[in-house]
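Taking it in order: structure first as structure tokens, then the write-up.
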Amino acid sequence: MEKEKYPILVVDDEESIRRLLQKELAGPGREIFIAANAAEALDMIRTHRFDVVIMDLRLPDSTDLNLLIQVRDSSPYTEVVMITGQGDINSAVDAMKLGACDFIPKPFNLDQLELVVEKAHQRARLSRENELLRHSAGSRQGATNFIGNSQAVRNIKFLIDKVAPAKVPVLITGASGVGKDVVAHAIHNQSSRAGNPLVIKNCASLQKELARSELFGHIKGSFTGASDSREGLMYYAHESSLFLDEIGDLPLEVQASLLRVLETQTYRRIGEKEERKVDIRFIFATNRNLAEAVELGQFNEAFYHRINVFNIDIPSLRERKEDLPLLVDYFLTTLSPDQSPYRMVQKAMDCVLSYHWPGNIRELRNVIERSIILAENGIITERCLPREMVITAEKSEVSITMESVEKEHIMKILNFFDGNRCKAADALGISRKTLYRKMNQYKAG
Ligand SMILES: Nc1ncnc2c1ncn2[C@@H]1O[C@H](COP(=O)(O)OP(=O)(O)OP(=O)(O)O)[C@@H](O)[C@H]1O
Ligand SMILES: [Mg+2]
């Protein structure tokens with residue numbers, strides 16, 4: 001893979017200086033851009049993200065350090081280095097106050113120049129990475145395997161394998177705790193974008209007024225309270241994947257703006273005219289029925305169709321109980337505090353199997369975690385399980401009625417005699433008439 005190049009912008013009205021810097025700063029990991037004045041520089045800043053901008057303190061078309069202010073506003077992570085002449089010391093101090101990180105006095109000492117630029121680059125990279133980390137908190141969860149061997153889980157794994165390398169948006173649906181986050185991480189981790197961190201946002205936590213700004217970013221002064229320019233999630237998810245969880249909770253007005261990004265692969269920060277191109281793989285998740293939300297007018301119909309191109313629906317745990325033994329084993333191993341082996345006795349396993357798991361796999365995980373604490377000698381009995389689970393299991397045994405036992409026995413005998421009612425009645429020790437009545441009652445035969 002080609003090593004990432006970090007872009008540097010040099011702004012100076014003197015051609016000799018531009019040429020000198022271009023030559024001296026050139027290196028394998030760098031790409032040098034040149035602007036002869038503030039106007040040209042501003043044009044470039046709108047379309048590129050520079051790690052470092054090196055600018056002359058005195059530019060004919062930029063008074064009062066105007067360009068510096070605009071660069072700082074356009075991207076908070078760009079480090080600005082000022083080129084200063086003799087007698088510029090006061091202005092240089094002003095520049096530092098306005099956010100310039102360093103300065104290089106003319107005439108240049110080339111070693112010093114290199115040192116200052118490298119330091120500025122390190123700082124820019126660090127603050128960008130810190131921001132990314134903040135947005136991708138929890139993405140390490142991606143290491144989780146998607147455990148299960150039911151037909152449903154095999155089908156989900158097949159869909160993940162197929163869709164991961166593509167760029168189409170994916171909509172993951174399913175009740176709370178079924179593993180939507182796990183699937184979202186798996187898709188990202190199996191894609192060519194896996195080298196960049198997955199950016200995650202839970203739309204339920206987006207404040208309505210700020211949702212648009214969080215997604216797209218804004219420039220200083222674009223609305224009340226916008227005291228600084230900010231980048232949005234689009235910026236951080238560029239060349240990676242953006243996982244928008246609880247998409248059903250995204251305010252309606254913002255859905256239309258997001259639809260535009262999906263369609264045009266461009267976005268605009270609030271208050272900015274210029275469009276920026278982005279390359280983002282979108283992953284959405286929800287436990288709401290979006291089709292129904294569309295019917296109710298609570299969800300944008302066009303947006304719904306656009307995000308529902310590829311749907312992965314995860315069934316509830318009670319619909320795939322055959323996954324339970326594997327999942328129990330998995331959690332007994334991974335949650336074991338000292339890697340010692342834990343074992344669940346059959347009676348406890350029966351309770352696990354007959355419970356209806358309203359909280360799905362999250363609930364199972366919690367139950368196993370708790371049972372490990374209560375286990376004695378590594379053995380998990382039904383006493384280590386929450387009481388309501390044991391009661392449910394007992395209930396399901398107690399709820400077997402005489403009627404159902406009788407029906408099952410009659411069916412078995414009828415089958416044994418290939419449906420011959422005379423022989424069946426004899427074997428059951430009842431009259432043929434009674435057998436007919438019971439068959440009618442149970443709708444058997
Ligand atoms: N198939 C699986 N194999 C292993 N662990 C799983 C699996 N599915 C879910 N989990 C675990 O169960 C817990 C809940 O899963 P997850 O957070 O993905 O659910 P969710 O569907 O996103 O829930 P919510 O709707 O509440 O956000 C997590 O700890 C996750 O690691
Ligand atoms: Mg989730």
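We name chains A, B, ... following the order of the structure tokens; residues begin at 1 in each chain, and ligands are numbered from 1 as shown.
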
Open item on the list: Going by DSSP on the backbone, which residues of range 114-337 of chain A come out as helix (DSSP H, G or I)? List them as a PyMOL selection string.
Closed with: chain A and resi 114-135+139-143+151-163+180-189+203-205+211-216+233-237+247-249+252-264+290-295+301-307+317-334

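Considering only C-alpha atoms and all ligand atoms, the residues that reside within 7 Å of ligand 2 can be listed as A:Gly177, A:Gly179, A:Lys180, A:Asp181, A:Asp245.
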
Could you build a table of the residues in chain A lying no more than 6 Å from ligand 1, giving for each the nearest pair of atoms and their separation in Å rounded to one decimal place, using only C-alpha atoms and all ligand atoms, ordered by chain and ascending residue number, as JSON lines?
```
{"residue": "A:Thr144", "atom": "CA", "partner": "ligand 1", "partner_atom_place_in_ligand_line": "31 (O)", "distance": 5.9}
{"residue": "A:Asn145", "atom": "CA", "partner": "ligand 1", "partner_atom_place_in_ligand_line": "4 (C)", "distance": 5.5}
{"residue": "A:Phe146", "atom": "CA", "partner": "ligand 1", "partner_atom_place_in_ligand_line": "1 (N)", "distance": 3.9}
{"residue": "A:Ile147", "atom": "CA", "partner": "ligand 1", "partner_atom_place_in_ligand_line": "3 (N)", "distance": 3.7}
{"residue": "A:Gly148", "atom": "CA", "partner": "ligand 1", "partner_atom_place_in_ligand_line": "1 (N)", "distance": 5.8}
{"residue": "A:Ala175", "atom": "CA", "partner": "ligand 1", "partner_atom_place_in_ligand_line": "25 (O)", "distance": 5.9}
{"residue": "A:Ser176", "atom": "CA", "partner": "ligand 1", "partner_atom_place_in_ligand_line": "25 (O)", "distance": 3.4}
{"residue": "A:Gly177", "atom": "CA", "partner": "ligand 1", "partner_atom_place_in_ligand_line": "23 (O)", "distance": 3.4}
{"residue": "A:Val178", "atom": "CA", "partner": "ligand 1", "partner_atom_place_in_ligand_line": "21 (O)", "distance": 4.1}
{"residue": "A:Gly179", "atom": "CA", "partner": "ligand 1", "partner_atom_place_in_ligand_line": "18 (O)", "distance": 3.1}
{"residue": "A:Lys180", "atom": "CA", "partner": "ligand 1", "partner_atom_place_in_ligand_line": "21 (O)", "distance": 3.7}
{"residue": "A:Asp181", "atom": "CA", "partner": "ligand 1", "partner_atom_place_in_ligand_line": "18 (O)", "distance": 3.5}
{"residue": "A:Val182", "atom": "CA", "partner": "ligand 1", "partner_atom_place_in_ligand_line": "18 (O)", "distance": 4.3}
{"residue": "A:Asn287", "atom": "CA", "partner": "ligand 1", "partner_atom_place_in_ligand_line": "25 (O)", "distance": 5.8}
{"residue": "A:Ile361", "atom": "CA", "partner": "ligand 1", "partner_atom_place_in_ligand_line": "12 (O)", "distance": 4.5}
{"residue": "A:Arg362", "atom": "CA", "partner": "ligand 1", "partner_atom_place_in_ligand_line": "13 (C)", "distance": 4.0}
```

Output N, CA, C and O atoms of each residue in that selection to a file, as a compact mmCIF listing (two decimals), in the first residue's frame.
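Output below, filename part-v6.txt:
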```txt
# COMPACT_ATOMS: atom_id res chain seq x y z
N THR A 144 -14.57 -9.15 18.91
CA THR A 144 -15.55 -10.18 19.25
C THR A 144 -15.87 -11.03 18.05
O THR A 144 -16.12 -10.54 16.96
N ASN A 145 -15.90 -12.33 18.26
CA ASN A 145 -16.36 -13.22 17.20
C ASN A 145 -17.87 -13.23 17.18
O ASN A 145 -18.51 -13.03 18.20
N PHE A 146 -18.40 -13.48 16.00
CA PHE A 146 -19.85 -13.62 15.93
C PHE A 146 -20.15 -15.10 16.11
O PHE A 146 -20.06 -15.90 15.20
N ILE A 147 -20.50 -15.45 17.37
CA ILE A 147 -20.64 -16.85 17.72
C ILE A 147 -22.03 -17.36 17.35
O ILE A 147 -23.02 -16.64 17.47
N GLY A 148 -22.10 -18.62 16.93
CA GLY A 148 -23.39 -19.25 16.63
C GLY A 148 -23.26 -20.13 15.40
O GLY A 148 -22.38 -19.91 14.57
N ALA A 175 -33.71 -6.70 17.46
CA ALA A 175 -34.07 -6.20 18.78
C ALA A 175 -32.82 -5.83 19.57
O ALA A 175 -31.70 -6.11 19.14
N SER A 176 -33.03 -5.22 20.72
CA SER A 176 -31.90 -4.77 21.53
C SER A 176 -31.09 -5.96 22.02
O SER A 176 -31.64 -6.96 22.47
N GLY A 177 -29.78 -5.87 21.90
CA GLY A 177 -28.89 -6.91 22.43
C GLY A 177 -28.68 -8.11 21.54
O GLY A 177 -28.06 -9.09 21.96
N VAL A 178 -29.14 -8.08 20.29
CA VAL A 178 -28.97 -9.26 19.41
C VAL A 178 -27.60 -9.31 18.75
O VAL A 178 -27.23 -10.34 18.19
N GLY A 179 -26.86 -8.20 18.77
CA GLY A 179 -25.52 -8.24 18.18
C GLY A 179 -25.36 -7.31 16.99
O GLY A 179 -24.51 -7.54 16.13
N LYS A 180 -26.12 -6.23 16.94
CA LYS A 180 -26.02 -5.31 15.79
C LYS A 180 -24.64 -4.63 15.76
O LYS A 180 -24.03 -4.49 14.69
N ASP A 181 -24.14 -4.25 16.94
CA ASP A 181 -22.80 -3.64 17.00
C ASP A 181 -21.74 -4.64 16.51
O ASP A 181 -20.81 -4.26 15.80
N VAL A 182 -21.90 -5.87 16.92
CA VAL A 182 -20.91 -6.89 16.55
C VAL A 182 -20.87 -7.02 15.02
O VAL A 182 -19.80 -7.08 14.42
N ASN A 287 -33.31 -0.66 16.12
CA ASN A 287 -34.22 -1.72 16.57
C ASN A 287 -35.67 -1.30 16.33
O ASN A 287 -36.60 -1.94 16.77
N ILE A 361 -28.64 -11.46 23.62
CA ILE A 361 -27.30 -11.93 23.99
C ILE A 361 -26.68 -11.06 25.07
O ILE A 361 -25.90 -11.53 25.89
N ARG A 362 -27.05 -9.80 25.12
CA ARG A 362 -26.53 -8.94 26.19
C ARG A 362 -26.96 -9.51 27.54
O ARG A 362 -26.17 -9.57 28.49
```

Open item on the list: Taking 3 positions as the minimum chain separation for residues in the same chain, which residues sit within 10 Å of range 23-38 of chain A when counting only C-alpha atoms? Answer as number ranges by chain.
Closed with: A: 3-15, 17-20, 41-44, 48, 50, 52-56, 58-63, 66-68, 70, 110-111, 113-114, 117-118
